[in-house]
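This is my_file09.cif. It holds mmCIF, C-alpha atoms (C1' of nucleotides).
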data_structure
loop_
_atom_site.group_PDB
_atom_site.id
_atom_site.type_symbol
_atom_site.label_atom_id
_atom_site.label_comp_id
_atom_site.auth_asym_id
_atom_site.auth_seq_id
_atom_site.Cartn_x
_atom_site.Cartn_y
_atom_site.Cartn_z
ATOM 1 C CA MET J 20 203.361 -132.728 -67.460
ATOM 2 C CA VAL J 21 200.765 -132.247 -70.218
ATOM 3 C CA VAL J 22 202.079 -130.918 -73.512
ATOM 4 C CA GLU J 23 200.042 -129.639 -76.456
ATOM 5 C CA THR J 24 200.703 -131.620 -79.612
ATOM 6 C CA ASP J 25 198.517 -129.994 -82.277
ATOM 7 C CA LEU J 26 201.214 -130.311 -84.889
ATOM 8 C CA SER J 27 200.703 -131.012 -88.587
ATOM 9 C CA ASP J 28 202.376 -133.994 -90.223
ATOM 10 C CA ALA J 29 204.769 -131.638 -91.985
ATOM 11 C CA GLU J 30 205.755 -130.006 -88.693
ATOM 12 C CA VAL J 31 206.389 -133.370 -87.058
ATOM 13 C CA ASP J 32 208.381 -134.394 -90.130
ATOM 14 C CA ARG J 33 210.584 -131.317 -89.695
ATOM 15 C CA ILE J 34 211.091 -131.935 -85.973
ATOM 16 C CA PHE J 35 212.229 -135.552 -86.312
ATOM 17 C CA ARG J 36 214.218 -134.831 -89.463
ATOM 18 C CA ALA J 37 216.046 -132.058 -87.618
ATOM 19 C CA LEU J 38 216.858 -134.522 -84.822
ATOM 20 C CA ALA J 39 218.163 -137.121 -87.290
ATOM 21 C CA ASP J 40 221.661 -135.620 -87.537
ATOM 22 C CA ALA J 41 224.402 -135.854 -84.931
ATOM 23 C CA THR J 42 225.718 -132.339 -85.576
ATOM 24 C CA ARG J 43 222.264 -130.855 -85.157
ATOM 25 C CA ARG J 44 221.650 -132.854 -81.987
ATOM 26 C CA ASP J 45 224.941 -131.513 -80.645
ATOM 27 C CA ILE J 46 223.938 -127.948 -81.512
ATOM 28 C CA LEU J 47 220.634 -128.540 -79.746
ATOM 29 C CA ARG J 48 222.439 -129.911 -76.697
ATOM 30 C CA ARG J 49 224.863 -126.985 -76.557
ATOM 31 C CA THR J 50 222.206 -124.333 -76.992
ATOM 32 C CA THR J 51 220.082 -126.064 -74.388
ATOM 33 C CA GLU J 52 222.982 -125.674 -71.949
ATOM 34 C CA SER J 53 223.497 -122.045 -72.940
ATOM 35 C CA GLU J 54 222.800 -119.879 -75.960
ATOM 36 C CA ALA J 55 225.590 -119.430 -78.504
ATOM 37 C CA SER J 56 226.271 -117.443 -81.678
ATOM 38 C CA VAL J 57 226.391 -119.279 -84.986
ATOM 39 C CA SER J 58 230.116 -118.604 -85.388
ATOM 40 C CA ALA J 59 230.836 -119.806 -81.838
ATOM 41 C CA LEU J 60 229.027 -123.033 -82.691
ATOM 42 C CA ALA J 61 230.756 -123.347 -86.060
ATOM 43 C CA ALA J 62 234.214 -122.970 -84.503
ATOM 44 C CA THR J 63 234.055 -126.450 -82.962
ATOM 45 C CA TYR J 64 232.798 -128.497 -85.906
ATOM 46 C CA ASP J 65 234.923 -129.836 -88.720
ATOM 47 C CA MET J 66 232.860 -128.201 -91.438
ATOM 48 C CA SER J 67 232.340 -124.792 -92.978
ATOM 49 C CA PHE J 68 230.507 -121.939 -91.294
ATOM 50 C CA ALA J 69 227.868 -122.138 -94.039
ATOM 51 C CA ALA J 70 227.228 -125.809 -93.279
ATOM 52 C CA VAL J 71 226.660 -125.063 -89.581
ATOM 53 C CA GLN J 72 224.472 -122.139 -90.583
ATOM 54 C CA LYS J 73 222.321 -124.544 -92.613
ATOM 55 C CA HIS J 74 222.039 -126.930 -89.660
ATOM 56 C CA VAL J 75 220.859 -124.064 -87.465
ATOM 57 C CA THR J 76 218.296 -123.154 -90.118
ATOM 58 C CA VAL J 77 216.962 -126.728 -90.137
ATOM 59 C CA LEU J 78 216.643 -126.646 -86.331
ATOM 60 C CA ALA J 79 214.964 -123.235 -86.461
ATOM 61 C CA ASP J 80 212.516 -124.320 -89.199
ATOM 62 C CA ALA J 81 211.592 -127.241 -86.940
ATOM 63 C CA GLY J 82 211.002 -124.813 -84.061
ATOM 64 C CA LEU J 83 213.618 -126.557 -81.938
ATOM 65 C CA VAL J 84 215.733 -123.392 -81.652
ATOM 66 C CA THR J 85 215.189 -119.679 -82.169
ATOM 67 C CA LYS J 86 217.619 -117.036 -83.350
ATOM 68 C CA LYS J 87 217.761 -113.581 -81.849
ATOM 69 C CA ALA J 88 219.851 -110.773 -83.286
ATOM 70 C CA GLN J 89 222.379 -109.199 -80.956
ATOM 71 C CA GLY J 90 224.573 -106.726 -82.789
ATOM 72 C CA ARG J 91 226.198 -108.535 -85.660
ATOM 73 C CA GLU J 92 225.744 -111.891 -83.981
ATOM 74 C CA ARG J 93 222.769 -114.239 -84.094
ATOM 75 C CA LEU J 94 222.308 -115.998 -80.787
ATOM 76 C CA VAL J 95 220.864 -119.502 -81.100
ATOM 77 C CA CYS J 96 218.573 -120.500 -78.225
ATOM 78 C CA ALA J 97 217.017 -123.933 -77.708
ATOM 79 C CA ASN J 98 213.223 -124.074 -77.508
ATOM 80 C CA PRO J 99 212.461 -126.657 -74.821
ATOM 81 C CA ALA J 100 208.717 -126.443 -75.491
ATOM 82 C CA GLN J 101 209.195 -127.938 -78.948
ATOM 83 C CA ILE J 102 211.487 -130.651 -77.581
ATOM 84 C CA ALA J 103 208.739 -131.458 -75.093
ATOM 85 C CA ARG J 104 206.220 -131.743 -77.943
ATOM 86 C CA ALA J 105 208.434 -134.270 -79.731
ATOM 87 C CA ARG J 106 208.729 -136.239 -76.526
ATOM 88 C CA ALA J 107 204.962 -136.120 -76.081
ATOM 89 C CA LEU J 108 204.508 -137.652 -79.531
ATOM 90 C CA LEU J 109 206.657 -140.625 -78.552
ATOM 91 C CA ASP J 110 204.711 -140.872 -75.301
ATOM 92 C CA GLN J 111 201.572 -141.438 -77.380
ATOM 93 C CA TYR J 112 203.031 -144.591 -78.921
ATOM 94 C CA GLU J 113 203.950 -145.895 -75.512
ATOM 95 C CA ARG J 114 200.450 -145.203 -74.242
ATOM 96 C CA LEU J 115 199.025 -147.047 -77.261
ATOM 97 C CA TRP J 116 201.286 -149.969 -76.458
ATOM 98 C CA ARG J 117 200.222 -150.011 -72.843
ATOM 99 C CA SER J 118 196.530 -149.900 -73.743
ATOM 100 C CA ARG J 119 197.146 -152.808 -76.102
ATOM 101 C CA ILE J 120 198.767 -154.770 -73.296
ATOM 102 C CA ASP J 121 195.832 -153.898 -71.061
ATOM 103 C CA ARG J 122 193.400 -155.254 -73.671
ATOM 104 C CA LEU J 123 195.419 -158.452 -73.918
ATOM 105 C CA ASP J 124 195.372 -158.730 -70.140
ATOM 106 C CA ASP J 125 191.595 -158.352 -70.201
ATOM 107 C CA LEU J 126 191.304 -161.103 -72.788
ATOM 108 C CA LEU J 127 193.481 -163.392 -70.713
ATOM 109 C CA ALA J 128 191.399 -162.632 -67.645
ATOM 110 C CA GLU J 129 188.224 -163.529 -69.555
ATOM 111 C CA ASP J 130 189.791 -166.766 -70.736
ATOM 112 C CA ALA J 131 190.793 -167.616 -67.194
ATOM 113 C CA GLN J 132 187.207 -167.144 -66.018
ATOM 114 C CA GLN J 133 185.733 -169.452 -68.629
ATOM 115 C CA MET P 20 211.067 -145.567 -65.810
ATOM 116 C CA VAL P 21 214.768 -145.793 -66.576
ATOM 117 C CA VAL P 22 215.693 -146.638 -70.155
ATOM 118 C CA GLU P 23 219.116 -147.632 -71.482
ATOM 119 C CA THR P 24 220.367 -145.257 -74.161
ATOM 120 C CA ASP P 25 223.739 -146.645 -75.199
ATOM 121 C CA LEU P 26 223.079 -145.920 -78.839
ATOM 122 C CA SER P 27 225.629 -144.786 -81.437
ATOM 123 C CA ASP P 28 225.114 -141.558 -83.355
ATOM 124 C CA ALA P 29 224.294 -143.587 -86.457
ATOM 125 C CA GLU P 30 221.634 -145.571 -84.589
ATOM 126 C CA VAL P 31 220.031 -142.416 -83.232
ATOM 127 C CA ASP P 32 220.171 -140.939 -86.740
ATOM 128 C CA ARG P 33 218.251 -143.944 -88.048
ATOM 129 C CA ILE P 34 215.649 -143.771 -85.286
ATOM 130 C CA PHE P 35 214.766 -140.107 -85.779
ATOM 131 C CA ARG P 36 215.072 -140.369 -89.554
ATOM 132 C CA ALA P 37 212.600 -143.253 -89.494
ATOM 133 C CA LEU P 38 210.208 -141.131 -87.428
ATOM 134 C CA ALA P 39 210.472 -138.201 -89.862
ATOM 135 C CA ASP P 40 207.848 -139.517 -92.274
ATOM 136 C CA ALA P 41 204.090 -139.512 -91.761
ATOM 137 C CA THR P 42 203.541 -142.877 -93.476
ATOM 138 C CA ARG P 43 206.178 -144.524 -91.292
ATOM 139 C CA ARG P 44 204.710 -142.948 -88.147
ATOM 140 C CA ASP P 45 201.321 -144.319 -89.173
ATOM 141 C CA ILE P 46 202.798 -147.786 -89.720
ATOM 142 C CA LEU P 47 204.411 -147.536 -86.293
ATOM 143 C CA ARG P 48 201.107 -146.487 -84.734
ATOM 144 C CA ARG P 49 199.184 -149.315 -86.395
ATOM 145 C CA THR P 50 201.713 -151.980 -85.505
ATOM 146 C CA THR P 51 201.830 -150.657 -81.961
ATOM 147 C CA GLU P 52 198.074 -151.249 -81.761
ATOM 148 C CA SER P 53 198.393 -154.707 -83.284
ATOM 149 C CA GLU P 54 200.819 -156.538 -85.563
ATOM 150 C CA ALA P 55 200.060 -156.554 -89.287
ATOM 151 C CA SER P 56 201.449 -158.095 -92.466
ATOM 152 C CA VAL P 57 203.211 -155.872 -94.977
ATOM 153 C CA SER P 58 200.454 -156.343 -97.555
ATOM 154 C CA ALA P 59 197.747 -155.575 -94.985
ATOM 155 C CA LEU P 60 199.580 -152.340 -94.224
ATOM 156 C CA ALA P 61 200.137 -151.538 -97.898
ATOM 157 C CA ALA P 62 196.442 -151.964 -98.721
ATOM 158 C CA THR P 63 195.516 -148.712 -96.966
ATOM 159 C CA TYR P 64 198.164 -146.372 -98.355
ATOM 160 C CA ASP P 65 198.019 -144.616 -101.682
ATOM 161 C CA MET P 66 201.354 -145.955 -102.870
ATOM 162 C CA SER P 67 202.825 -149.172 -104.210
ATOM 163 C CA PHE P 68 203.450 -152.275 -102.133
ATOM 164 C CA ALA P 69 207.176 -151.854 -102.770
ATOM 165 C CA ALA P 70 207.105 -148.327 -101.338
ATOM 166 C CA VAL P 71 205.429 -149.542 -98.134
ATOM 167 C CA GLN P 72 207.905 -152.399 -98.009
ATOM 168 C CA LYS P 73 210.732 -149.857 -98.090
ATOM 169 C CA HIS P 74 209.139 -147.858 -95.284
ATOM 170 C CA VAL P 75 208.916 -151.019 -93.172
ATOM 171 C CA THR P 76 212.595 -151.706 -93.900
ATOM 172 C CA VAL P 77 213.535 -148.209 -92.708
ATOM 173 C CA LEU P 78 211.573 -148.764 -89.481
ATOM 174 C CA ALA P 79 213.148 -152.201 -89.015
ATOM 175 C CA ASP P 80 216.685 -150.885 -89.646
ATOM 176 C CA ALA P 81 216.000 -148.305 -86.939
ATOM 177 C CA GLY P 82 214.889 -151.075 -84.588
ATOM 178 C CA LEU P 83 211.453 -149.513 -84.207
ATOM 179 C CA VAL P 84 209.695 -152.598 -85.591
ATOM 180 C CA THR P 85 210.598 -156.237 -86.116
ATOM 181 C CA LYS P 86 209.444 -158.631 -88.802
ATOM 182 C CA LYS P 87 208.606 -162.229 -88.082
ATOM 183 C CA ALA P 88 207.853 -164.770 -90.789
ATOM 184 C CA GLN P 89 204.517 -166.511 -90.573
ATOM 185 C CA GLY P 90 203.933 -168.666 -93.627
ATOM 186 C CA ARG P 91 204.250 -166.488 -96.697
ATOM 187 C CA GLU P 92 203.486 -163.353 -94.673
ATOM 188 C CA ARG P 93 205.849 -161.127 -92.728
ATOM 189 C CA LEU P 94 204.198 -159.808 -89.616
ATOM 190 C CA VAL P 95 205.396 -156.345 -88.613
ATOM 191 C CA CYS P 96 205.534 -155.774 -84.846
ATOM 192 C CA ALA P 97 206.331 -152.498 -83.104
ATOM 193 C CA ASN P 98 209.291 -152.523 -80.703
ATOM 194 C CA PRO P 99 208.229 -150.317 -77.792
ATOM 195 C CA ALA P 100 211.665 -150.587 -76.169
ATOM 196 C CA GLN P 101 213.239 -148.673 -79.039
ATOM 197 C CA ILE P 102 210.484 -146.053 -78.952
ATOM 198 C CA ALA P 103 211.227 -145.660 -75.260
ATOM 199 C CA ARG P 104 214.914 -145.123 -76.032
ATOM 200 C CA ALA P 105 214.066 -142.316 -78.446
ATOM 201 C CA ARG P 106 211.864 -140.742 -75.809
ATOM 202 C CA ALA P 107 214.663 -141.060 -73.265
ATOM 203 C CA LEU P 108 216.988 -139.133 -75.569
ATOM 204 C CA LEU P 109 214.564 -136.222 -75.682
ATOM 205 C CA ASP P 110 214.217 -136.454 -71.918
ATOM 206 C CA GLN P 111 217.949 -135.779 -71.658
ATOM 207 C CA TYR P 112 217.553 -132.406 -73.384
ATOM 208 C CA GLU P 113 214.759 -131.472 -71.045
ATOM 209 C CA ARG P 114 216.882 -132.442 -68.043
ATOM 210 C CA LEU P 115 219.731 -130.327 -69.411
ATOM 211 C CA TRP P 116 217.332 -127.420 -69.753
ATOM 212 C CA ARG P 117 216.070 -127.849 -66.226
ATOM 213 C CA SER P 118 219.585 -127.976 -64.780
ATOM 214 C CA ARG P 119 220.385 -124.793 -66.692
ATOM 215 C CA ILE P 120 217.354 -123.100 -65.175
ATOM 216 C CA ASP P 121 218.448 -124.337 -61.765
ATOM 217 C CA ARG P 122 221.896 -122.799 -62.275
ATOM 218 C CA LEU P 123 220.307 -119.501 -63.292
ATOM 219 C CA ASP P 124 218.120 -119.641 -60.209
ATOM 220 C CA ASP P 125 221.228 -120.156 -58.090
ATOM 221 C CA LEU P 126 222.896 -117.144 -59.687
ATOM 222 C CA LEU P 127 219.848 -114.989 -59.061
ATOM 223 C CA ALA P 128 219.771 -116.157 -55.459
ATOM 224 C CA GLU P 129 223.430 -115.179 -55.018
ATOM 225 C CA ASP P 130 222.762 -111.760 -56.541
ATOM 226 C CA ALA P 131 219.849 -111.253 -54.185
ATOM 227 C CA GLN P 132 222.083 -111.984 -51.207
ATOM 228 C CA GLN P 133 224.718 -109.460 -52.192
ATOM 229 C "C1'" DA Z 23 200.054 -179.047 -111.370
ATOM 230 C "C1'" DG Z 24 198.749 -174.499 -111.936
ATOM 231 C "C1'" DT Z 25 197.328 -170.145 -110.055
ATOM 232 C "C1'" DT Z 26 197.153 -166.762 -106.840
ATOM 233 C "C1'" DT Z 27 199.159 -164.299 -102.881
ATOM 234 C "C1'" DC Z 28 202.872 -162.290 -100.312
ATOM 235 C "C1'" DT Z 29 207.381 -160.933 -100.254
ATOM 236 C "C1'" DA Z 30 212.182 -159.683 -101.902
ATOM 237 C "C1'" DC Z 31 214.974 -157.099 -104.638
ATOM 238 C "C1'" DA Z 32 216.986 -154.680 -108.583
ATOM 239 C "C1'" DA Z 33 216.909 -150.786 -111.669
ATOM 240 C "C1'" DC Z 34 215.508 -146.436 -112.521
ATOM 241 C "C1'" DC Z 35 214.016 -141.471 -111.706
ATOM 242 C "C1'" DA Z 36 213.050 -136.868 -109.443
ATOM 243 C "C1'" DT Z 37 213.798 -134.443 -105.383
ATOM 244 C "C1'" DT Z 38 216.016 -133.471 -101.123
ATOM 245 C "C1'" DT Z 39 219.979 -133.363 -98.240
ATOM 246 C "C1'" DG Z 40 224.473 -132.089 -96.553
ATOM 247 C "C1'" DG Z 41 228.329 -130.387 -97.867
ATOM 248 C "C1'" DT Z 42 231.299 -126.905 -100.563
ATOM 249 C "C1'" DT Z 43 232.891 -122.051 -102.344
ATOM 250 C "C1'" DG Z 44 232.055 -117.360 -103.469
ATOM 251 C "C1'" DT Z 45 229.883 -112.949 -102.956
ATOM 252 C "C1'" DA Z 46 227.568 -109.345 -100.484
ATOM 253 C "C1'" DC Z 47 226.103 -106.727 -96.509
ATOM 254 C "C1'" DG Z 48 225.558 -104.948 -91.714
ATOM 255 C "C1'" DT Z 49 228.207 -104.272 -87.374
ATOM 256 C "C1'" DT Z 50 232.199 -103.655 -84.585
ATOM 257 C "C1'" DA Z 51 236.961 -102.180 -83.762
ATOM 258 C "C1'" DC Z 52 241.098 -99.548 -84.773
ATOM 259 C "C1'" DG V 21 237.394 -94.500 -93.031
ATOM 260 C "C1'" DT V 22 238.944 -98.946 -93.375
ATOM 261 C "C1'" DA V 23 239.737 -103.438 -91.891
ATOM 262 C "C1'" DA V 24 237.947 -107.389 -89.602
ATOM 263 C "C1'" DC V 25 234.068 -110.036 -87.984
ATOM 264 C "C1'" DG V 26 229.512 -112.305 -88.206
ATOM 265 C "C1'" DT V 27 225.958 -113.386 -91.069
ATOM 266 C "C1'" DA V 28 223.013 -114.254 -95.312
ATOM 267 C "C1'" DC V 29 222.437 -116.333 -99.471
ATOM 268 C "C1'" DA V 30 223.203 -118.202 -104.101
ATOM 269 C "C1'" DA V 31 225.234 -121.725 -107.019
ATOM 270 C "C1'" DC V 32 227.007 -125.985 -107.342
ATOM 271 C "C1'" DC V 33 227.900 -131.107 -106.401
ATOM 272 C "C1'" DA V 34 227.618 -136.004 -104.604
ATOM 273 C "C1'" DA V 35 224.889 -138.937 -102.077
ATOM 274 C "C1'" DA V 36 220.653 -140.300 -99.944
ATOM 275 C "C1'" DT V 37 215.564 -140.458 -100.075
ATOM 276 C "C1'" DG V 38 211.015 -141.720 -101.635
ATOM 277 C "C1'" DG V 39 208.720 -143.107 -105.149
ATOM 278 C "C1'" DT V 40 208.003 -146.187 -109.469
ATOM 279 C "C1'" DT V 41 207.968 -150.708 -112.416
ATOM 280 C "C1'" DG V 42 209.504 -155.234 -113.319
ATOM 281 C "C1'" DT V 43 211.174 -159.808 -112.229
ATOM 282 C "C1'" DA V 44 211.531 -163.783 -109.341
ATOM 283 C "C1'" DG V 45 210.785 -166.988 -105.525
ATOM 284 C "C1'" DA V 46 208.244 -169.183 -101.648
ATOM 285 C "C1'" DA V 47 203.794 -170.450 -99.621
ATOM 286 C "C1'" DA V 48 198.875 -171.414 -100.017
ATOM 287 C "C1'" DC V 49 194.638 -172.542 -102.449
ATOM 288 C "C1'" DT V 50 191.837 -175.331 -105.944
#

Would you kindly transcribe this structure into structure tokens?
Amino acid sequence: MVVETDLSDAEVDRIFRALADATRRDILRRTTESEASVSALAATYDMSFAAVQKHVTVLADAGLVTKKAQGRERLVCANPAQIARARALLDQYERLWRSRIDRLDDLLAEDAQQ
Amino acid sequence: MVVETDLSDAEVDRIFRALADATRRDILRRTTESEASVSALAATYDMSFAAVQKHVTVLADAGLVTKKAQGRERLVCANPAQIARARALLDQYERLWRSRIDRLDDLLAEDAQQ
DNA sequence: AGTTTCTACAACCATTTGGTTGTACGTTAC
DNA sequence: GTAACGTACAACCAAATGGTTGTAGAAACT
């Protein structure tokens, strides 16, 4: 699967920073399984509603989730496209690594011929 | 490719936190292409040697790079296995998403039958 | 031996982060 | 209409982050 990765440094910063917290990763996991209101999410964490609200904001600013109003609730929905972009960024490093290995293999092959 | 992901929350925190900085991502990219000493890395960034040294420490604490002594230099080497683990974590979210879609498809199929 | 180079590490500072409480406002329920 | 619920947001605080400078030690060069 090919994923577009035209993201600015600041956007990538926000994505990985958002992922660098266990509570936020759990929110992402839960909303990936099924959307949930902020208060429904908050009910299961040992912290204030406001704290969970801030975590959701961090995820939303990173584009990893979206919020849609439904009555007085705000439903939090995961955005798998953004998760895929983050994964694609890590893929790039692995491709770099592989191309480096390939170059080393080429060098070894040349040495073997000489 | 199957990748082991038996990482604690704190370890995952460190990995994504380390990735949440453009300078550190650039160091990771460069050391993935080929190993480099800390001072060689520092020479190309518009900040002090000590600052770059700290960035390398953050990457090393996350397991994304290793340092090996060579004379008075410390060669920084990327650790592709750890990068792969981070990628595998993001894969999990995408798998979750896909299984959710599959469940929705099943529900729609049931509705269609009724 | 003396100097330079590379690294380590401490101390310090400004800003950000992750949490709190309190207040206010729109929506739902009685 | 009023009470309860869900959310938004500001103000505040402790701790972590990302930078600096300075000092010191180990390795290499002359």

Compute the chain V side of the contact with chain P at 12 Å, counting only C-alpha atoms (C1' of nucleotides), and hand it back as a PyMOL selection string. chain V and resi 36-42+45-48

Sorted by chain and rising residue number, which residues of chain P lie within 10 Å of chain J, and what are their closest atom pairs and distances in Å to one decimal, counting all atoms listed in the file, as a Markdown table?
| residue | atom | partner | partner_atom | distance |
| --- | --- | --- | --- | --- |
| P:Ser27 | CA | J:Ala41 | CA | 9.7 |
| P:Asp28 | CA | J:Ala41 | CA | 6.0 |
| P:Ala29 | CA | J:Ala41 | CA | 7.9 |
| P:Glu30 | CA | J:Ala39 | CA | 9.5 |
| P:Val31 | CA | J:Ala39 | CA | 6.9 |
| P:Asp32 | CA | J:Ala39 | CA | 4.3 |
| P:Arg33 | CA | J:Ala39 | CA | 6.9 |
| P:Ile34 | CA | J:Ala39 | CA | 7.4 |
| P:Phe35 | CA | J:Ala39 | CA | 4.8 |
| P:Arg36 | CA | J:Ala39 | CA | 5.0 |
| P:Ala37 | CA | J:Phe35 | CA | 8.3 |
| P:Leu38 | CA | J:Phe35 | CA | 6.0 |
| P:Ala39 | CA | J:Asp32 | CA | 4.4 |
| P:Asp40 | CA | J:Asp32 | CA | 5.6 |
| P:Ala41 | CA | J:Asp28 | CA | 6.0 |
| P:Thr42 | CA | J:Asp28 | CA | 9.5 |
| P:Arg44 | CA | J:Asp28 | CA | 9.5 |
| P:Leu47 | CA | J:Tyr112 | CA | 8.1 |
| P:Arg48 | CA | J:Tyr112 | CA | 6.4 |
| P:Arg49 | CA | J:Leu115 | CA | 9.4 |
| P:Thr50 | CA | J:Trp116 | CA | 9.3 |
| P:Thr51 | CA | J:Trp116 | CA | 5.6 |
| P:Glu52 | CA | J:Arg119 | CA | 5.9 |
| P:Ser53 | CA | J:Arg119 | CA | 7.5 |
| P:Ala97 | CA | J:Trp116 | CA | 8.7 |
| P:Asn98 | CA | J:Trp116 | CA | 9.4 |
| P:Pro99 | CA | J:Glu113 | CA | 6.6 |
| P:Ala100 | CA | J:Glu113 | CA | 9.1 |
| P:Ile102 | CA | J:Leu109 | CA | 6.7 |
| P:Ala103 | CA | J:Glu113 | CA | 7.3 |
| P:Arg104 | CA | J:Leu109 | CA | 9.7 |
| P:Ala105 | CA | J:Leu109 | CA | 7.6 |
| P:Arg106 | CA | J:Arg106 | CA | 5.5 |
| P:Ala107 | CA | J:Arg106 | CA | 8.3 |
| P:Leu108 | CA | J:Arg106 | CA | 8.8 |
| P:Leu109 | CA | J:Arg106 | CA | 5.9 |
| P:Asp110 | CA | J:Arg106 | CA | 7.2 |
| P:Gln111 | CA | J:Arg48 | CA | 8.9 |
| P:Tyr112 | CA | J:Arg48 | CA | 6.4 |
| P:Glu113 | CA | J:Pro99 | CA | 6.5 |
| P:Arg114 | CA | J:Thr51 | CA | 9.5 |
| P:Leu115 | CA | J:Glu52 | CA | 6.2 |
| P:Trp116 | CA | J:Thr51 | CA | 5.6 |
| P:Arg117 | CA | J:Glu52 | CA | 9.2 |
| P:Ser118 | CA | J:Glu52 | CA | 8.3 |
| P:Arg119 | CA | J:Glu52 | CA | 5.9 |
| P:Ile120 | CA | J:Glu52 | CA | 9.2 |

For chain Z, report every residue with an atom at most 9 Å from chain J (counting all atoms listed in the file), formatted as JSON, numbers by chain. {"Z": [40, 41, 42, 48, 49, 50]}

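Picture a line from C1' of DA28 (chain V) to C1' of DT45 (chain Z); it runs 10.4 Å.
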
What is the C1' of DG44 (chain Z) to CA of Gln72 (chain J) distance in Å? 15.7 Å

Report, in Å to a single decimal, how far apart C1' of DA51 (chain Z) and CA of Phe68 (chain J) are.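 Separation of CA of Phe68 (chain J) and C1' of DA51 (chain Z): 22.1 Å.
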
Could you please fill out region 93-108 of chain P with N, CA and C atoms and send it back as a compact mmCIF listing (two decimals), keeping the file's coordinate frame?
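For reference, rebuild_26.txt as written:
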# COMPACT_ATOMS: atom_id res chain seq x y z
N ARG P 93 204.90 -161.67 -93.70
CA ARG P 93 205.85 -161.13 -92.73
C ARG P 93 205.06 -160.21 -91.80
N LEU P 94 204.95 -160.62 -90.57
CA LEU P 94 204.20 -159.81 -89.62
C LEU P 94 205.11 -158.72 -89.06
N VAL P 95 204.64 -157.49 -89.11
CA VAL P 95 205.40 -156.34 -88.61
C VAL P 95 204.91 -156.03 -87.19
N CYS P 96 205.87 -156.02 -86.25
CA CYS P 96 205.53 -155.77 -84.85
C CYS P 96 206.31 -154.56 -84.35
N ALA P 97 205.64 -153.64 -83.69
CA ALA P 97 206.33 -152.50 -83.10
C ALA P 97 207.26 -152.97 -81.99
N ASN P 98 208.35 -152.23 -81.79
CA ASN P 98 209.29 -152.52 -80.70
C ASN P 98 209.28 -151.36 -79.71
N PRO P 99 208.40 -151.45 -78.71
CA PRO P 99 208.23 -150.32 -77.79
C PRO P 99 209.51 -149.96 -77.05
N ALA P 100 210.42 -150.90 -76.88
CA ALA P 100 211.66 -150.59 -76.17
C ALA P 100 212.46 -149.53 -76.92
N GLN P 101 212.48 -149.64 -78.25
CA GLN P 101 213.24 -148.67 -79.04
C GLN P 101 212.54 -147.31 -79.03
N ILE P 102 211.22 -147.32 -79.05
CA ILE P 102 210.48 -146.05 -78.95
C ILE P 102 210.82 -145.38 -77.62
N ALA P 103 210.90 -146.20 -76.58
CA ALA P 103 211.23 -145.66 -75.26
C ALA P 103 212.63 -145.05 -75.25
N ARG P 104 213.56 -145.67 -75.99
CA ARG P 104 214.91 -145.12 -76.03
C ARG P 104 214.92 -143.75 -76.69
N ALA P 105 214.15 -143.62 -77.77
CA ALA P 105 214.07 -142.32 -78.45
C ALA P 105 213.50 -141.27 -77.49
N ARG P 106 212.48 -141.67 -76.76
CA ARG P 106 211.86 -140.74 -75.81
C ARG P 106 212.88 -140.35 -74.74
N ALA P 107 213.67 -141.32 -74.31
CA ALA P 107 214.66 -141.06 -73.26
C ALA P 107 215.70 -140.05 -73.74
N LEU P 108 216.03 -140.10 -75.03
CA LEU P 108 216.99 -139.13 -75.57
C LEU P 108 216.44 -137.71 -75.45
